[in-house]
$ cat coords22.cif   # mmCIF, N, CA and C atoms
data_structure
#
loop_
_atom_site.label_atom_id
_atom_site.label_comp_id
_atom_site.auth_asym_id
_atom_site.auth_seq_id
_atom_site.Cartn_x
_atom_site.Cartn_y
_atom_site.Cartn_z
N MET A 1 61.96 -219.04 -117.53
CA MET A 1 62.97 -220.08 -117.48
C MET A 1 62.90 -220.89 -118.77
N VAL A 2 64.05 -221.21 -119.32
CA VAL A 2 64.15 -221.93 -120.59
C VAL A 2 64.56 -223.37 -120.34
N ASP A 3 63.85 -224.31 -120.96
CA ASP A 3 64.25 -225.71 -120.93
C ASP A 3 64.87 -226.05 -122.28
N LEU A 4 66.13 -226.43 -122.26
CA LEU A 4 66.83 -226.79 -123.49
C LEU A 4 66.48 -228.22 -123.90
N VAL A 5 66.87 -228.59 -125.11
CA VAL A 5 66.68 -229.94 -125.62
C VAL A 5 67.99 -230.40 -126.25
N HIS A 6 68.10 -231.69 -126.48
CA HIS A 6 69.21 -232.22 -127.26
C HIS A 6 68.90 -231.98 -128.73
N PHE A 7 69.93 -231.84 -129.53
CA PHE A 7 69.75 -231.72 -130.97
C PHE A 7 70.69 -232.73 -131.61
N VAL A 8 70.11 -233.84 -132.12
CA VAL A 8 70.90 -234.94 -132.65
C VAL A 8 70.37 -235.33 -134.02
N ASN A 9 71.28 -235.40 -134.98
CA ASN A 9 70.94 -235.88 -136.32
C ASN A 9 69.79 -235.08 -136.94
N GLY A 10 69.83 -233.76 -136.71
CA GLY A 10 68.83 -232.87 -137.31
C GLY A 10 67.51 -232.81 -136.59
N ALA A 11 67.39 -233.39 -135.41
CA ALA A 11 66.12 -233.39 -134.69
C ALA A 11 66.29 -232.95 -133.24
N ALA A 12 65.33 -232.19 -132.76
CA ALA A 12 65.30 -231.79 -131.35
C ALA A 12 64.71 -232.93 -130.53
N LEU A 13 65.41 -233.31 -129.46
CA LEU A 13 64.96 -234.41 -128.60
C LEU A 13 64.90 -233.92 -127.16
N ALA A 14 63.80 -234.17 -126.48
CA ALA A 14 63.61 -233.68 -125.12
C ALA A 14 64.51 -234.37 -124.11
N GLY A 15 64.91 -235.58 -124.35
CA GLY A 15 65.73 -236.33 -123.40
C GLY A 15 64.85 -237.27 -122.60
N THR A 16 65.39 -238.44 -122.27
CA THR A 16 64.60 -239.46 -121.59
C THR A 16 65.13 -239.82 -120.21
N SER A 17 66.27 -239.27 -119.82
CA SER A 17 66.87 -239.69 -118.53
C SER A 17 66.08 -239.15 -117.34
N GLY A 18 65.35 -238.07 -117.53
CA GLY A 18 64.65 -237.46 -116.40
C GLY A 18 65.55 -236.62 -115.52
N ARG A 19 66.83 -236.52 -115.90
CA ARG A 19 67.79 -235.73 -115.12
C ARG A 19 68.07 -234.43 -115.85
N PHE A 20 68.28 -233.35 -115.08
CA PHE A 20 68.54 -232.03 -115.65
C PHE A 20 69.66 -231.35 -114.89
N SER A 21 70.25 -230.38 -115.54
CA SER A 21 71.25 -229.53 -114.89
C SER A 21 70.76 -228.09 -115.01
N ASP A 22 70.85 -227.36 -113.92
CA ASP A 22 70.43 -225.97 -113.96
C ASP A 22 71.39 -225.13 -114.78
N ILE A 23 70.86 -224.13 -115.47
CA ILE A 23 71.66 -223.13 -116.17
C ILE A 23 71.60 -221.88 -115.32
N PHE A 24 72.71 -221.54 -114.71
CA PHE A 24 72.78 -220.42 -113.78
C PHE A 24 73.27 -219.18 -114.52
N ASP A 25 72.56 -218.07 -114.40
CA ASP A 25 72.99 -216.80 -114.99
C ASP A 25 73.77 -216.03 -113.93
N PRO A 26 75.10 -216.04 -114.01
CA PRO A 26 75.90 -215.39 -112.96
C PRO A 26 75.79 -213.87 -112.97
N ASN A 27 75.30 -213.28 -114.07
CA ASN A 27 75.15 -211.83 -114.11
C ASN A 27 74.07 -211.34 -113.15
N ILE A 28 73.00 -212.12 -113.02
CA ILE A 28 71.89 -211.69 -112.17
C ILE A 28 71.63 -212.64 -111.01
N GLY A 29 72.39 -213.73 -110.94
CA GLY A 29 72.32 -214.63 -109.79
C GLY A 29 71.07 -215.49 -109.70
N VAL A 30 70.53 -215.90 -110.84
CA VAL A 30 69.33 -216.75 -110.82
C VAL A 30 69.52 -217.94 -111.75
N VAL A 31 68.70 -218.97 -111.53
CA VAL A 31 68.65 -220.09 -112.46
C VAL A 31 67.79 -219.64 -113.64
N ALA A 32 68.37 -219.65 -114.84
CA ALA A 32 67.67 -219.14 -116.02
C ALA A 32 67.07 -220.24 -116.88
N GLY A 33 67.45 -221.49 -116.62
CA GLY A 33 66.93 -222.58 -117.42
C GLY A 33 67.44 -223.92 -116.94
N ARG A 34 67.09 -224.95 -117.72
CA ARG A 34 67.54 -226.31 -117.42
C ARG A 34 68.01 -226.98 -118.70
N ALA A 35 69.05 -227.78 -118.57
CA ALA A 35 69.57 -228.57 -119.69
C ALA A 35 69.37 -230.04 -119.36
N PRO A 36 68.78 -230.80 -120.27
CA PRO A 36 68.58 -232.23 -120.00
C PRO A 36 69.92 -232.98 -120.04
N LEU A 37 70.09 -233.90 -119.14
CA LEU A 37 71.29 -234.75 -119.13
C LEU A 37 70.95 -236.03 -119.89
N ALA A 38 71.80 -236.39 -120.81
CA ALA A 38 71.53 -237.53 -121.69
C ALA A 38 71.70 -238.86 -120.98
N SER A 39 70.92 -239.83 -121.40
CA SER A 39 71.09 -241.21 -120.95
C SER A 39 72.24 -241.82 -121.76
N ALA A 40 72.69 -242.98 -121.36
CA ALA A 40 73.76 -243.68 -122.10
C ALA A 40 73.31 -243.98 -123.53
N ALA A 41 72.05 -244.36 -123.71
CA ALA A 41 71.53 -244.66 -125.06
C ALA A 41 71.48 -243.41 -125.92
N GLU A 42 71.10 -242.28 -125.32
CA GLU A 42 71.06 -241.02 -126.08
C GLU A 42 72.47 -240.59 -126.47
N LEU A 43 73.41 -240.76 -125.57
CA LEU A 43 74.80 -240.43 -125.89
C LEU A 43 75.32 -241.30 -127.02
N ASP A 44 75.03 -242.61 -126.96
CA ASP A 44 75.47 -243.52 -128.01
C ASP A 44 74.84 -243.14 -129.35
N ALA A 45 73.57 -242.78 -129.36
CA ALA A 45 72.91 -242.36 -130.61
C ALA A 45 73.56 -241.10 -131.17
N ALA A 46 73.94 -240.17 -130.30
CA ALA A 46 74.59 -238.94 -130.76
C ALA A 46 75.97 -239.24 -131.35
N VAL A 47 76.71 -240.14 -130.71
CA VAL A 47 78.03 -240.51 -131.22
C VAL A 47 77.90 -241.21 -132.57
N GLN A 48 76.96 -242.13 -132.70
CA GLN A 48 76.76 -242.83 -133.96
C GLN A 48 76.34 -241.86 -135.07
N ALA A 49 75.50 -240.89 -134.75
CA ALA A 49 75.10 -239.89 -135.75
C ALA A 49 76.31 -239.06 -136.18
N ALA A 50 77.19 -238.72 -135.22
CA ALA A 50 78.38 -237.95 -135.55
C ALA A 50 79.34 -238.75 -136.42
N VAL A 51 79.51 -240.04 -136.13
CA VAL A 51 80.37 -240.90 -136.94
C VAL A 51 79.85 -240.97 -138.38
N SER A 52 78.55 -241.16 -138.53
CA SER A 52 77.96 -241.21 -139.88
C SER A 52 78.11 -239.88 -140.60
N ALA A 53 77.89 -238.79 -139.88
CA ALA A 53 78.02 -237.46 -140.49
C ALA A 53 79.46 -237.20 -140.93
N GLN A 54 80.43 -237.66 -140.15
CA GLN A 54 81.83 -237.43 -140.50
C GLN A 54 82.18 -238.16 -141.79
N VAL A 55 81.69 -239.36 -141.96
CA VAL A 55 81.96 -240.12 -143.18
C VAL A 55 81.41 -239.38 -144.39
N ALA A 56 80.18 -238.89 -144.28
CA ALA A 56 79.57 -238.14 -145.39
C ALA A 56 80.32 -236.84 -145.63
N TRP A 57 80.70 -236.13 -144.57
CA TRP A 57 81.42 -234.85 -144.70
C TRP A 57 82.78 -235.07 -145.35
N ALA A 58 83.48 -236.14 -145.00
CA ALA A 58 84.80 -236.42 -145.57
C ALA A 58 84.72 -236.67 -147.07
N ALA A 59 83.57 -237.13 -147.54
CA ALA A 59 83.41 -237.41 -148.97
C ALA A 59 83.11 -236.15 -149.78
N VAL A 60 82.85 -235.03 -149.11
CA VAL A 60 82.53 -233.78 -149.79
C VAL A 60 83.83 -233.12 -150.25
N ASN A 61 83.82 -232.59 -151.45
CA ASN A 61 84.95 -231.87 -152.02
C ASN A 61 85.40 -230.77 -151.05
N PRO A 62 86.72 -230.60 -150.81
CA PRO A 62 87.20 -229.58 -149.88
C PRO A 62 86.71 -228.17 -150.20
N GLN A 63 86.58 -227.84 -151.48
CA GLN A 63 86.10 -226.50 -151.83
C GLN A 63 84.65 -226.31 -151.38
N ARG A 64 83.83 -227.34 -151.51
CA ARG A 64 82.44 -227.24 -151.04
C ARG A 64 82.39 -227.16 -149.52
N ARG A 65 83.27 -227.88 -148.85
CA ARG A 65 83.34 -227.78 -147.39
C ARG A 65 83.69 -226.36 -146.98
N ALA A 66 84.64 -225.76 -147.71
CA ALA A 66 85.03 -224.38 -147.41
C ALA A 66 83.85 -223.44 -147.59
N ARG A 67 83.03 -223.67 -148.61
CA ARG A 67 81.85 -222.81 -148.81
C ARG A 67 80.89 -222.90 -147.63
N VAL A 68 80.73 -224.09 -147.08
CA VAL A 68 79.89 -224.26 -145.89
C VAL A 68 80.48 -223.45 -144.73
N MET A 69 81.79 -223.53 -144.56
CA MET A 69 82.44 -222.79 -143.48
C MET A 69 82.33 -221.27 -143.68
N PHE A 70 82.43 -220.80 -144.93
CA PHE A 70 82.24 -219.37 -145.20
C PHE A 70 80.83 -218.93 -144.80
N GLU A 71 79.83 -219.76 -145.09
CA GLU A 71 78.45 -219.43 -144.70
C GLU A 71 78.32 -219.45 -143.18
N PHE A 72 78.96 -220.40 -142.52
CA PHE A 72 78.95 -220.44 -141.06
C PHE A 72 79.55 -219.16 -140.50
N LYS A 73 80.67 -218.73 -141.07
CA LYS A 73 81.33 -217.49 -140.64
C LYS A 73 80.40 -216.30 -140.81
N ARG A 74 79.71 -216.24 -141.94
CA ARG A 74 78.78 -215.14 -142.19
C ARG A 74 77.67 -215.13 -141.15
N LEU A 75 77.13 -216.30 -140.82
CA LEU A 75 76.06 -216.39 -139.83
C LEU A 75 76.54 -215.97 -138.43
N VAL A 76 77.75 -216.38 -138.06
CA VAL A 76 78.29 -215.98 -136.75
C VAL A 76 78.44 -214.46 -136.71
N GLU A 77 78.99 -213.88 -137.77
CA GLU A 77 79.16 -212.42 -137.80
C GLU A 77 77.81 -211.70 -137.75
N ALA A 78 76.82 -212.21 -138.48
CA ALA A 78 75.51 -211.58 -138.53
C ALA A 78 74.77 -211.68 -137.19
N ASN A 79 75.10 -212.68 -136.40
CA ASN A 79 74.41 -212.90 -135.12
C ASN A 79 75.32 -212.66 -133.92
N MET A 80 76.34 -211.86 -134.10
CA MET A 80 77.33 -211.61 -133.05
C MET A 80 76.68 -211.12 -131.76
N GLN A 81 75.75 -210.19 -131.84
CA GLN A 81 75.15 -209.62 -130.64
C GLN A 81 74.37 -210.67 -129.85
N VAL A 82 73.54 -211.45 -130.54
CA VAL A 82 72.75 -212.49 -129.87
C VAL A 82 73.67 -213.55 -129.24
N LEU A 83 74.70 -213.94 -129.98
CA LEU A 83 75.65 -214.92 -129.45
C LEU A 83 76.37 -214.37 -128.22
N ALA A 84 76.77 -213.10 -128.28
CA ALA A 84 77.47 -212.48 -127.14
C ALA A 84 76.55 -212.40 -125.93
N GLU A 85 75.29 -212.05 -126.14
CA GLU A 85 74.35 -211.97 -125.02
C GLU A 85 74.12 -213.35 -124.40
N THR A 86 74.02 -214.38 -125.23
CA THR A 86 73.84 -215.74 -124.73
C THR A 86 75.08 -216.18 -123.94
N LEU A 87 76.25 -215.94 -124.49
CA LEU A 87 77.49 -216.29 -123.80
C LEU A 87 77.60 -215.55 -122.47
N SER A 88 77.26 -214.27 -122.46
CA SER A 88 77.31 -213.48 -121.23
C SER A 88 76.34 -214.01 -120.18
N SER A 89 75.14 -214.38 -120.62
CA SER A 89 74.14 -214.85 -119.66
C SER A 89 74.51 -216.19 -119.04
N GLN A 90 75.32 -216.98 -119.72
CA GLN A 90 75.66 -218.30 -119.20
C GLN A 90 77.04 -218.36 -118.55
N HIS A 91 77.87 -217.33 -118.78
CA HIS A 91 79.23 -217.36 -118.23
C HIS A 91 79.59 -216.15 -117.39
N GLY A 92 78.65 -215.21 -117.25
CA GLY A 92 78.90 -214.06 -116.39
C GLY A 92 79.90 -213.06 -116.95
N LYS A 93 80.07 -213.06 -118.23
CA LYS A 93 81.01 -212.12 -118.85
C LYS A 93 80.28 -210.86 -119.28
N VAL A 94 81.03 -209.77 -119.40
CA VAL A 94 80.44 -208.58 -120.00
C VAL A 94 80.35 -208.82 -121.51
N ILE A 95 79.46 -208.10 -122.16
CA ILE A 95 79.22 -208.31 -123.60
C ILE A 95 80.50 -208.13 -124.41
N ALA A 96 81.30 -207.13 -124.10
CA ALA A 96 82.53 -206.88 -124.86
C ALA A 96 83.48 -208.07 -124.77
N ASP A 97 83.59 -208.67 -123.60
CA ASP A 97 84.45 -209.84 -123.43
C ASP A 97 83.91 -211.03 -124.22
N SER A 98 82.59 -211.19 -124.22
CA SER A 98 81.97 -212.27 -124.99
C SER A 98 82.22 -212.07 -126.48
N LYS A 99 82.11 -210.84 -126.95
CA LYS A 99 82.38 -210.57 -128.37
C LYS A 99 83.83 -210.89 -128.72
N GLY A 100 84.75 -210.65 -127.79
CA GLY A 100 86.15 -211.01 -128.03
C GLY A 100 86.33 -212.51 -128.16
N ASP A 101 85.63 -213.28 -127.33
CA ASP A 101 85.68 -214.74 -127.43
C ASP A 101 85.14 -215.20 -128.78
N ILE A 102 84.04 -214.60 -129.21
CA ILE A 102 83.45 -214.98 -130.50
C ILE A 102 84.39 -214.60 -131.63
N GLN A 103 85.05 -213.45 -131.53
CA GLN A 103 85.99 -213.03 -132.56
C GLN A 103 87.14 -214.02 -132.68
N ARG A 104 87.62 -214.54 -131.56
CA ARG A 104 88.68 -215.55 -131.61
C ARG A 104 88.16 -216.82 -132.26
N GLY A 105 86.91 -217.17 -132.02
CA GLY A 105 86.31 -218.31 -132.70
C GLY A 105 86.22 -218.09 -134.20
N LEU A 106 85.92 -216.85 -134.59
CA LEU A 106 85.86 -216.52 -136.03
C LEU A 106 87.22 -216.73 -136.70
N GLU A 107 88.29 -216.48 -135.97
CA GLU A 107 89.62 -216.70 -136.53
C GLU A 107 89.85 -218.18 -136.84
N VAL A 108 89.32 -219.06 -136.00
CA VAL A 108 89.42 -220.50 -136.25
C VAL A 108 88.59 -220.87 -137.48
N ILE A 109 87.40 -220.29 -137.59
CA ILE A 109 86.55 -220.55 -138.75
C ILE A 109 87.26 -220.08 -140.02
N GLU A 110 87.89 -218.90 -139.97
CA GLU A 110 88.61 -218.39 -141.13
C GLU A 110 89.73 -219.34 -141.55
N PHE A 111 90.42 -219.91 -140.58
CA PHE A 111 91.47 -220.88 -140.90
C PHE A 111 90.86 -222.07 -141.63
N ALA A 112 89.72 -222.57 -141.12
CA ALA A 112 89.06 -223.71 -141.76
C ALA A 112 88.60 -223.37 -143.17
N CYS A 113 88.24 -222.12 -143.41
CA CYS A 113 87.82 -221.71 -144.75
C CYS A 113 88.96 -221.85 -145.76
N GLY A 114 90.18 -221.74 -145.30
CA GLY A 114 91.33 -221.83 -146.18
C GLY A 114 91.91 -223.23 -146.31
N ILE A 115 91.24 -224.22 -145.78
CA ILE A 115 91.78 -225.58 -145.76
C ILE A 115 92.01 -226.20 -147.13
N PRO A 116 91.22 -225.86 -148.18
CA PRO A 116 91.51 -226.49 -149.48
C PRO A 116 92.95 -226.27 -149.93
N HIS A 117 93.50 -225.10 -149.65
CA HIS A 117 94.89 -224.83 -150.03
C HIS A 117 95.85 -225.74 -149.27
N ALA A 118 95.57 -225.97 -147.99
CA ALA A 118 96.45 -226.81 -147.18
C ALA A 118 96.33 -228.29 -147.55
N LEU A 119 95.23 -228.69 -148.17
CA LEU A 119 95.02 -230.10 -148.50
C LEU A 119 95.63 -230.52 -149.83
N LYS A 120 95.98 -229.55 -150.66
CA LYS A 120 96.50 -229.93 -151.97
C LYS A 120 97.96 -230.36 -151.87
N GLY A 121 98.37 -231.18 -152.76
CA GLY A 121 99.77 -231.60 -152.81
C GLY A 121 100.60 -230.54 -153.51
N GLU A 122 101.90 -230.67 -153.43
CA GLU A 122 102.77 -229.71 -154.11
C GLU A 122 104.05 -230.40 -154.57
N TYR A 123 104.71 -229.79 -155.53
CA TYR A 123 105.94 -230.31 -156.10
C TYR A 123 107.04 -229.29 -155.87
N THR A 124 108.19 -229.73 -155.40
CA THR A 124 109.30 -228.83 -155.16
C THR A 124 110.55 -229.40 -155.82
N SER A 125 111.17 -228.59 -156.65
CA SER A 125 112.44 -229.00 -157.26
C SER A 125 113.56 -228.87 -156.25
N ILE A 126 114.47 -229.83 -156.29
CA ILE A 126 115.65 -229.80 -155.44
C ILE A 126 116.85 -229.57 -156.35
N PRO A 127 117.77 -228.72 -155.96
CA PRO A 127 118.90 -228.43 -156.85
C PRO A 127 119.84 -229.62 -157.04
N CYS A 128 119.33 -230.66 -157.64
CA CYS A 128 120.09 -231.85 -157.95
C CYS A 128 119.38 -232.49 -159.13
N ALA A 129 120.09 -232.85 -160.15
CA ALA A 129 119.48 -233.34 -161.39
C ALA A 129 118.66 -234.61 -161.20
N SER A 130 119.02 -235.44 -160.24
CA SER A 130 118.35 -236.73 -160.13
C SER A 130 117.33 -236.80 -158.99
N ARG A 131 117.03 -235.67 -158.37
CA ARG A 131 116.11 -235.71 -157.23
C ARG A 131 115.01 -234.65 -157.36
N SER A 132 113.86 -234.99 -156.82
CA SER A 132 112.76 -234.04 -156.68
C SER A 132 111.95 -234.45 -155.47
N ALA A 133 111.12 -233.54 -155.00
CA ALA A 133 110.29 -233.84 -153.84
C ALA A 133 108.86 -233.44 -154.14
N TRP A 134 107.93 -234.22 -153.63
CA TRP A 134 106.53 -233.86 -153.82
C TRP A 134 105.73 -234.36 -152.62
N SER A 135 104.60 -233.74 -152.41
CA SER A 135 103.73 -234.19 -151.32
C SER A 135 102.32 -234.36 -151.87
N ARG A 136 101.60 -235.27 -151.27
CA ARG A 136 100.23 -235.51 -151.68
C ARG A 136 99.39 -235.65 -150.43
N ALA A 137 98.31 -234.90 -150.38
CA ALA A 137 97.40 -235.02 -149.24
C ALA A 137 96.58 -236.28 -149.42
N SER A 138 96.53 -237.10 -148.39
CA SER A 138 95.75 -238.33 -148.46
C SER A 138 95.07 -238.53 -147.12
N PRO A 139 93.74 -238.49 -147.08
CA PRO A 139 93.06 -238.64 -145.80
C PRO A 139 93.15 -240.04 -145.22
N ARG A 140 93.52 -241.03 -146.02
CA ARG A 140 93.50 -242.41 -145.54
C ARG A 140 94.88 -242.98 -145.24
N SER A 141 95.92 -242.28 -145.62
CA SER A 141 97.24 -242.84 -145.43
C SER A 141 98.24 -241.74 -145.12
N THR A 142 99.18 -242.03 -144.24
CA THR A 142 100.24 -241.09 -143.95
C THR A 142 101.58 -241.57 -144.49
N SER A 143 101.59 -242.74 -145.11
CA SER A 143 102.84 -243.27 -145.64
C SER A 143 102.96 -242.87 -147.12
N PRO A 144 104.17 -242.70 -147.62
CA PRO A 144 104.37 -242.34 -149.03
C PRO A 144 103.89 -243.46 -149.96
N PRO A 145 103.50 -243.11 -151.18
CA PRO A 145 103.00 -244.13 -152.12
C PRO A 145 104.06 -245.11 -152.53
#

$ encode --input "coords22.cif" --output "C-alpha coordinates"
Amino acid sequence: MVDLVHFVNGAALAGTSGRFSDIFDPNIGVVAGRAPLASAAELDAAVQAAVSAQVAWAAVNPQRRARVMFEFKRLVEANMQVLAETLSSQHGKVIADSKGDIQRGLEVIEFACGIPHALKGEYTSIPCASRSAWSRASPRSTSPP
(Lines of atoms letter the chains of each structure in order from A and count residues from 1; the text may use other names and numbers.)
(Lines give C-alpha, C1' and ligand atoms only; values in the text may rest on other atoms or scores of the structure.)
Protein backbone atom coordinates (compact mmCIF):
# COMPACT_ATOMS: atom_id res chain seq x y z
CA MET A 1 0.00 0.00 0.00
CA VAL A 2 1.29 3.45 -0.96
CA ASP A 3 0.88 6.56 1.18
CA LEU A 4 0.98 9.71 -0.94
CA VAL A 5 2.17 13.13 0.21
CA HIS A 6 1.42 16.71 -0.74
CA PHE A 7 3.94 18.41 -3.00
CA VAL A 8 3.95 22.19 -2.47
CA ASN A 9 6.53 24.76 -3.49
CA GLY A 10 9.11 22.11 -4.39
CA ALA A 11 8.80 20.11 -1.16
CA ALA A 12 7.06 16.88 -0.19
CA LEU A 13 4.79 17.38 2.84
CA ALA A 14 3.17 14.52 4.76
CA GLY A 15 0.09 16.54 5.75
CA THR A 16 -1.05 17.58 9.21
CA SER A 17 -4.83 17.12 9.17
CA GLY A 18 -4.66 13.46 10.15
CA ARG A 19 -7.36 12.74 7.56
CA PHE A 20 -6.84 10.47 4.55
CA SER A 21 -8.75 9.25 1.54
CA ASP A 22 -8.36 5.72 0.27
CA ILE A 23 -7.03 5.14 -3.25
CA PHE A 24 -9.11 2.31 -4.65
CA ASP A 25 -7.76 0.22 -7.55
CA PRO A 26 -10.92 -0.72 -9.47
CA ASN A 27 -9.01 -3.18 -11.68
CA ILE A 28 -8.36 -5.56 -8.80
CA GLY A 29 -10.89 -4.33 -6.23
CA VAL A 30 -8.54 -3.37 -3.40
CA VAL A 31 -7.40 -0.25 -1.57
CA ALA A 32 -3.95 0.41 -3.05
CA GLY A 33 -2.97 3.46 -1.02
CA ARG A 34 -3.96 6.57 0.90
CA ALA A 35 -3.92 10.25 0.00
CA PRO A 36 -3.64 12.82 2.79
CA LEU A 37 -6.42 15.40 2.94
CA ALA A 38 -5.10 18.92 3.41
CA SER A 39 -5.96 21.19 6.30
CA ALA A 40 -7.20 24.72 5.59
CA ALA A 41 -3.71 26.08 6.40
CA GLU A 42 -2.06 23.61 4.01
CA LEU A 43 -4.50 24.55 1.27
CA ASP A 44 -3.83 28.25 1.85
CA ALA A 45 -0.06 27.65 1.69
CA ALA A 46 -0.47 25.77 -1.60
CA VAL A 47 -2.57 28.58 -3.08
CA GLN A 48 -0.07 31.23 -1.98
CA ALA A 49 2.80 29.20 -3.48
CA ALA A 50 0.86 28.93 -6.76
CA VAL A 51 0.16 32.68 -6.82
CA SER A 52 3.86 33.43 -6.30
CA ALA A 53 4.89 30.89 -8.93
CA GLN A 54 2.46 32.39 -11.46
CA VAL A 55 3.95 35.85 -11.02
CA ALA A 56 7.46 34.49 -11.63
CA TRP A 57 6.29 32.36 -14.59
CA ALA A 58 4.53 35.34 -16.21
CA ALA A 59 7.81 37.25 -16.13
CA VAL A 60 9.57 34.54 -18.16
CA ASN A 61 10.00 35.15 -21.89
CA PRO A 62 7.32 33.22 -23.87
CA GLN A 63 9.98 31.40 -25.90
CA ARG A 64 11.61 30.11 -22.70
CA ARG A 65 8.21 29.04 -21.39
CA ALA A 66 7.68 27.12 -24.62
CA ARG A 67 11.02 25.35 -24.11
CA VAL A 68 9.85 24.21 -20.67
CA MET A 69 6.64 22.90 -22.23
CA PHE A 70 8.61 21.05 -24.95
CA GLU A 71 10.65 19.34 -22.22
CA PHE A 72 7.43 18.49 -20.36
CA LYS A 73 6.06 16.96 -23.58
CA ARG A 74 9.24 14.92 -24.02
CA LEU A 75 9.00 13.61 -20.45
CA VAL A 76 5.33 12.63 -20.85
CA GLU A 77 6.13 10.78 -24.08
CA ALA A 78 9.15 9.04 -22.52
CA ASN A 79 7.08 7.91 -19.52
CA MET A 80 3.86 7.04 -21.35
CA GLN A 81 3.76 3.43 -20.12
CA VAL A 82 4.26 4.29 -16.43
CA LEU A 83 1.70 7.10 -16.65
CA ALA A 84 -0.81 4.79 -18.37
CA GLU A 85 -0.33 2.09 -15.73
CA THR A 86 -0.82 4.64 -12.94
CA LEU A 87 -3.94 6.05 -14.59
CA SER A 88 -5.31 2.53 -15.12
CA SER A 89 -4.68 1.53 -11.51
CA GLN A 90 -6.54 4.55 -10.18
CA HIS A 91 -9.41 4.76 -12.69
CA GLY A 92 -10.05 1.18 -13.73
CA LYS A 93 -9.25 1.77 -17.38
CA VAL A 94 -7.45 -0.60 -19.69
CA ILE A 95 -3.92 0.51 -20.60
CA ALA A 96 -4.87 1.36 -24.19
CA ASP A 97 -7.65 3.68 -23.01
CA SER A 98 -5.27 5.34 -20.54
CA LYS A 99 -2.73 5.90 -23.31
CA GLY A 100 -5.47 7.57 -25.37
CA ASP A 101 -6.20 9.94 -22.49
CA ILE A 102 -2.51 10.78 -22.19
CA GLN A 103 -2.28 11.33 -25.95
CA ARG A 104 -5.12 13.85 -25.74
CA GLY A 105 -3.22 15.58 -22.94
CA LEU A 106 -0.15 15.70 -25.18
CA GLU A 107 -2.21 17.59 -27.75
CA VAL A 108 -2.89 20.28 -25.14
CA ILE A 109 0.81 20.44 -24.30
CA GLU A 110 1.63 20.80 -28.01
CA PHE A 111 -0.77 23.73 -28.24
CA ALA A 112 0.96 25.37 -25.26
CA CYS A 113 4.33 24.85 -26.98
CA GLY A 114 3.13 27.06 -29.82
CA ILE A 115 1.92 29.90 -27.61
CA PRO A 116 4.75 32.35 -28.45
CA HIS A 117 3.27 32.71 -31.94
CA ALA A 118 -0.19 33.42 -30.51
CA LEU A 119 1.19 36.03 -28.10
CA LYS A 120 2.88 38.24 -30.66
CA GLY A 121 1.15 41.24 -32.13
CA GLU A 122 0.51 41.64 -35.83
CA TYR A 123 -0.12 44.37 -38.39
CA THR A 124 -2.75 44.10 -41.12
CA SER A 125 -3.20 46.53 -43.97
CA ILE A 126 -6.76 47.50 -44.81
CA PRO A 127 -7.56 48.47 -48.39
CA CYS A 128 -8.04 52.11 -47.52
CA ALA A 129 -5.30 54.74 -47.67
CA SER A 130 -6.07 56.26 -44.28
CA ARG A 131 -6.65 53.12 -42.20
CA SER A 132 -4.65 50.24 -40.81
CA ALA A 133 -5.17 47.67 -38.09
CA TRP A 134 -2.79 46.17 -35.60
CA SER A 135 -2.92 44.06 -32.49
CA ARG A 136 -0.62 43.86 -29.52
CA ALA A 137 -0.56 41.13 -26.93
CA SER A 138 -0.62 42.62 -23.45
CA PRO A 139 -0.95 40.45 -20.36
CA ARG A 140 -2.03 43.39 -18.19
CA SER A 141 -4.57 45.16 -20.33
CA THR A 142 -7.32 44.26 -22.76
CA SER A 143 -8.06 47.82 -23.84
CA PRO A 144 -6.35 49.42 -26.86
CA PRO A 145 -3.44 51.80 -26.18

$ resolve_selection --input "coords22.cif" --expression "the PyMOL selection byres (((chain A and resi 102-118 and name CA) around 9) and name CA)" --output "list in words"
Asn61, Pro62, Gln63, Arg65, Ala66, Arg67, Val68, Met69, Phe70, Phe72, Lys73, Val76, Glu77, Met80, Leu83, Ala84, Asp97, Ser98, Lys99, Gly100, Asp101, Leu119, Lys120, Gly121 and Ala137 of chain A

$ residues_around --input "coords22.cif" --residues "His6 in chain A" --least-positions-apart "4" --cutoff "7 Å" --atoms "only N, CA and C atoms" --output "PyMOL selection string"
chain A and resi 11-15+36

$ atom_distance --input "coords22.cif" --atom1 "atom C of Asp22 in chain A" --atom2 "atom C of Val94 in chain A"
19.8 Å

$ select_by_dssp --input "coords22.cif" --residues "chain A" --states "strand (DSSP E or B)" --output "PyMOL selection string"
chain A and resi 2-3+6-8+11-13+20-25+30-36+122-125+132-135

$ atom_distance --input "coords22.cif" --atom1 "atom C of Ser39 in chain A" --atom2 "atom N of Val55 in chain A"
22.4 Å

$ atom_distance --input "coords22.cif" --atom1 "atom C of Gly33 in chain A" --atom2 "atom C of Ala46 in chain A"
22.7 Å

$ resolve_selection --input "coords22.cif" --expression "the PyMOL selection byres (((chain A and resi 38 and name CA) around 12) and name CA)" --output "MDAnalysis selection string"
chainID A and resid 4:8 13:21 35:37 39:47

$ select_by_dssp --input "coords22.cif" --residues "range 30-103 of chain A" --states "helix (DSSP H, G or I)" --output "ChimeraX atom specification"
/A:40-58,62-78,80-91,95-103
